[in-house]
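Below is one structure, written out as structure tokens; comments come after it.
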Amino acid sequence: MDEIRPTDIDQKWQKKWRETNLHNADFLGTDKPKYYNLVMFPYPSAAKLHIGHWYNYGGSDLWGRYMRMKGFNVFEPMGFDSFGLPAENYAVKTGVHPMDSTYENIKIMCEQLSAVGTMYDWDKKVVTSDPEYYKWTQWIFLKFFEAGLANRRMAPVNWCPKCQTCLANEQVKEGKCDRCSSEVVKKDMEQWFFNIKKYAERLLNFEGLDWPEKTKMMQKDWIGKSEGVNFKHKIKDLDIEFEVFDSIPQTFMAQTFVIIAPDHPLVKRLVEGTEHEKPVMDFVKKIEKKRLNKKFDIDADMEGVFTGRYSENYMGTGKDLPIWVASFALMDYGTGIVGCSAHDERDFAFAKMYNLPLHPVLFPEDKSHAEKVKNLEVFYREPDGILHEPKEFEGMKWHEARKPIIDHIEKKKFGTRTINYKLHDWLLSRQRYWGAPIPVVYCEKCKADGSAPGGIVAIPEKDLPVLLPRNVDFIPRGKSPLHYCDEFMKTTCPKCGGPAERESDTMDTFVDSSWYFLRYLSPKNEENAFDKKIIKKWMPVDMYIGGAEHACMHLIYARFFTMVLHDLGYIDFDEPFKRLVHQGTITKDSAKMSKSKGNVVSPDSFIEKYGSDVFRMYLMFIGPFVAGGDWSDKGITGVARFERKFKDIIFGDDEVKNKEEMLRVIHKTIKRVTESMEAFQFNTAIAAMMEFTNEIGACGIDAESKKTMVRLIAPFAPHTAEELWEKLDQKYSVFDVNVSGGWPKFDEKYLVTSVLELPVQINGKLRAVITVPVDDAKEKILECAKNESNVKKYFEGAQIVKEIYVPGKLVGFVVK
RNA sequence: GCCGAAGUGGCGGAAUGGCAGACGCGCACGACUCAAAAUCGUGUACUCGUAAGGGUGUGAGGGUUCAAGUCCCUCCUUCGGCACCA
């Protein structure tokens, strides 16, 4: 007999699905409720799909198929996040143009993806590097620009002086250039930002989102909201005022010195022309270099230098506070200047280090402990500490004093209530070729006559897209390849018609991926970025599956874009992803798979041997989808056996030996699989079907139940299910709910048995199991339990204190 | 350092406060076979016992409860995130 290869079955059905357009979503023409089942799209790599891809896409597809079987109109798209640095690096190395390598990779990847057997609607594919796509990325940029949410300002970049080029953070290795190993420096350049900080508060609201708590927590931490006070200071002998942020303003009277970030623009003005200029500016340079190394150790790297300046008459106390430059002060948090006190651990350590004054105002109740705090022997800050200053709040506890003290500070006009966020504005400029060009030009004439601030003139919508030129040189010779491409750079100003120069920066690829879920819904629309009518019906995304590594960047940016598009009136919802699930990781021998470790498991041989279904199912069986699990070459045989047994049952005779028992097994299985699915526990759903194969032999199965079981296994093993469905002489397709009836329903009435097995516990310990008729009364059951010989003996010489009966669950006695 | 999650057989893992170890791998024995593989059957936490039955057991230690893997407190370990955020 000729062996039928599993991959033949896979291909047969993949082909049929494609030919019959089974998975093409009908956006507007059906009454079925919609379900937008989204999985994070990949970067098109030349490498083969690995186990992680199969796990991610297989799990997402399993869910989509389940929802489809439940009667939803499921839309499951796939596309490519195809701009990015790797293709450009590859071009530098090999000379192969990103436009060629990227699309070649996409082609290969599409073929591989179809082997997974997912129900992607390939008609709706989006590729972010297609001009038809990035035209609208540019359009969105313009809308942000018009709304004042995109602007240009100076910001430091990593600069390699030898290569004369900007480096991405990943290209800086321990402060050195990845390519030539020369020291990287920070250099200020004009760059584009999205003002995401304006949305910080809204991004903290997760109301109505079914997201993992952990992800929400991570986003909260990332946004880093902190409430406090901005205190006013004035520099002695200079006509300069500044503010310092303090999130614990209760102890403001303890402030004895001020530190300023090395990269703060004020530093230079403080020391200009004084004896401190040289030591301070040398220090600033030293810290800048150190920070490039990124590994800042608070203990090892805490240092500072005195500026020679003072903050005058602090809060009217008559005291002047010395101003220092300190390595640990950050320019991009708060005001970049800090008021330091004895009640901040780092300030305390810094003061000790440089013998700066400290003045504690918060003390513990314990006398001897308080004495130590007073003598500066120990650092102290506890919520129940007692304040000694200011005198209006003497004796109050630290945590109780917060609000009244802030009121006091505002009344006295010492400072104002302020909120700070760790979240930075989104720097979207990339000095790179392989990205969407930022659609603006710089016009000297418009700058000079004041008609365009900064000379920035936006490209009109009708002239989009600003096409990425093909004819560029990838040999590194300084700036990004676009700089040297005259046909791109030299243009005319859309405003005045005079000569203008294009922006040569491209956009961060996170911009591309911040709205792709909208484009999937009308990928070929030439008039608009998205079709309002379809968007209204289909958004938000019902289920979004993807890696936890995107918890902060991508998932915050996509929410931000959605909020802005909502505020600009383009869409009527402001959260893109209603439900979010992160898949776990598949490990090998409990270690992450990586090329360097050499422990990568290649799917190929397993798919060849067992087919897509068994491979997919085994991955889902390893553990809960959100947890991942450990791959075992042998473990897959268990699922292969199950698949074979399942097929044998369906191919076998329709012979029922015990109908009641058969119905009980079938309905129990439907119930358990359904409940597992609803709990997103694919592993236990498969286990329930395995139990079915173990149990059904004893009672036999009829034709109707076979159909039920094929529908049940369909989301897990789609090719096998189609094959079996056909073998049962059913019409194509098992996934067409109108044909197959969709997801089976269970009926509790078949689950009821006539007798019940009840455990009997004495003092919480299991002593016997009794079998009783299911509708027996409590008294009768307790009586029956008491008469059990192994129970009886525990009553001898003892007294029954309590009798417990949990209906249907257990009988218990407490004896003394 | 801070925040979060998780610790269950030889292994992956199951268990709305109610029979711990479902399901699978592996292993042992048996059937089939000249033999092996495949397949099928039986068993499989540790421990005492021929057995019936008993004792111990979900990272460690306490607690709540008739009953705790599950709830509460302390600690340990592992993993993930943030890491000078004033």
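Following the order of the structure tokens, chains are lettered A, B, ..., residues in each are numbered from 1, and ligands are numbered from 1.
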Could you list, with a cut-off of 8 Å and counting only C-alpha atoms (C1' of nucleotides), the residues of chain A near chain B, each shown with its nearest atom pair and the distance in Å rounded to one decimal, rows sorted by chain and ascending number, as a tab-separated table?
residue	atom	partner	partner_atom	distance
A:Lys214	CA	B:G4	C1'	6.5
A:Met217	CA	B:G4	C1'	7.9
A:Met218	CA	B:G81	C1'	6.8
A:Asp221	CA	B:C82	C1'	7.2
A:Trp222	CA	B:C82	C1'	7.6
A:Gly224	CA	B:C85	C1'	7.9
A:Phe245	CA	B:A86	C1'	7.0
A:Asp246	CA	B:A86	C1'	6.0
A:Ser247	CA	B:A86	C1'	7.1
A:Phe296	CA	B:C84	C1'	7.5
A:Asp297	CA	B:C84	C1'	7.8
A:Ile298	CA	B:C84	C1'	5.8
A:Phe328	CA	B:C84	C1'	5.1
A:Ala329	CA	B:C84	C1'	7.4
A:Tyr333	CA	B:C85	C1'	6.3
A:Val338	CA	B:A86	C1'	5.9
A:Gly339	CA	B:A86	C1'	7.5
A:Cys340	CA	B:A86	C1'	7.7
A:Asp344	CA	B:A86	C1'	7.9
A:Lys422	CA	B:C85	C1'	6.3
A:Ile622	CA	B:G12	C1'	6.0
A:Gly623	CA	B:G13	C1'	6.3
A:Gly629	CA	B:G12	C1'	7.0
A:Asp630	CA	B:G12	C1'	6.3
A:Trp631	CA	B:G12	C1'	7.9
A:Ser632	CA	B:G12	C1'	8.0
A:Lys634	CA	B:C25	C1'	6.6
A:Gly635	CA	B:C25	C1'	4.9
A:Gly638	CA	B:G24	C1'	5.8
A:Val639	CA	B:G24	C1'	7.6
A:Thr684	CA	B:C23	C1'	7.4
A:Ala687	CA	B:C23	C1'	4.5
A:Ala688	CA	B:C23	C1'	7.3
A:Met690	CA	B:C23	C1'	6.9
A:Glu691	CA	B:C23	C1'	7.2
A:Pro759	CA	B:C19	C1'	5.8
A:Asn763	CA	B:C66	C1'	5.8
A:Gly764	CA	B:A67	C1'	4.7
A:Lys765	CA	B:A67	C1'	7.9
A:Leu766	CA	B:C19	C1'	6.9
A:Lys802	CA	B:C66	C1'	7.4
A:Ile804	CA	B:C66	C1'	7.7
A:Val806	CA	B:G18	C1'	8.0
A:Lys809	CA	B:G18	C1'	6.6
A:Leu810	CA	B:G18	C1'	6.4
A:Gly812	CA	B:C66	C1'	7.1
A:Phe813	CA	B:C66	C1'	6.9
A:Val814	CA	B:C66	C1'	5.6
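Here the question is which of A:Tyr794, A:Tyr35, A:Phe194, A:Tyr442 gets nearest to A:Phe72 using only C-alpha atoms, and that residue is A:Tyr35.
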Review point. Just asking: which residues within stretch 270-369 of chain A are alpha helix (DSSP H) according to DSSP, as a PyMOL selection string?
Key: chain A and resi 270-271+277-292+298-301+345-354+367-369
Review point. From the set B:U33, B:U78, B:U8, B:U39, which residue has the shortest atom-to-atom contact distance to B:U58, counting only C-alpha atoms (C1' of nucleotides)?
Key: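 With only C-alpha atoms (C1' of nucleotides) as the atom set, the closest residue is B:U8.
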Practice item. Name all residues at most 9 Å from A:Thr335 (count only C-alpha atoms (C1' of nucleotides); drop same-chain ones fewer than 6 positions away) and give them as a list in words. Key: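 Skipping anything fewer than 6 positions along the chain leaves Asn230, Phe242, Glu243, Val244 and Phe245 of chain A.
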Check your understanding: Could you name the residues that touch A:Arg477 at 9 Å or less, counting only C-alpha atoms (C1' of nucleotides), but leaving out those on the same chain fewer than 5 positions away, as a list in words?
Key ->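 Once the nearby chain positions are removed, what remains is Cys163, Gln164 and Thr165 of chain A.
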Just all heavy atoms for this one: save the residues we selected as an mmCIF file, in the first residue's frame.
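This is the output file part_22.cif:
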data_model
loop_
_atom_site.group_PDB
_atom_site.id
_atom_site.type_symbol
_atom_site.label_atom_id
_atom_site.label_comp_id
_atom_site.auth_asym_id
_atom_site.auth_seq_id
_atom_site.Cartn_x
_atom_site.Cartn_y
_atom_site.Cartn_z
ATOM 1 N N CYS A 163 33.173 57.095 11.048
ATOM 2 C CA CYS A 163 32.249 56.774 9.961
ATOM 3 C C CYS A 163 31.432 57.999 9.554
ATOM 4 O O CYS A 163 30.726 57.960 8.548
ATOM 5 C CB CYS A 163 31.287 55.666 10.376
ATOM 6 S SG CYS A 163 32.070 54.139 10.866
ATOM 7 N N GLN A 164 31.495 59.044 10.368
ATOM 8 C CA GLN A 164 30.700 60.247 10.100
ATOM 9 C C GLN A 164 29.224 59.901 9.939
ATOM 10 O O GLN A 164 28.567 60.351 9.019
ATOM 11 C CB GLN A 164 31.211 60.952 8.826
ATOM 12 C CG GLN A 164 32.511 61.717 9.019
ATOM 13 C CD GLN A 164 32.285 63.042 9.727
ATOM 14 O OE1 GLN A 164 31.572 63.905 9.261
ATOM 15 N NE2 GLN A 164 32.879 63.189 10.909
ATOM 16 N N THR A 165 28.750 59.080 10.843
ATOM 17 C CA THR A 165 27.359 58.666 10.700
ATOM 18 C C THR A 165 26.681 58.490 12.047
ATOM 19 O O THR A 165 27.345 58.301 13.073
ATOM 20 C CB THR A 165 27.266 57.362 9.881
ATOM 21 O OG1 THR A 165 25.907 57.099 9.584
ATOM 22 C CG2 THR A 165 27.845 56.184 10.635
#
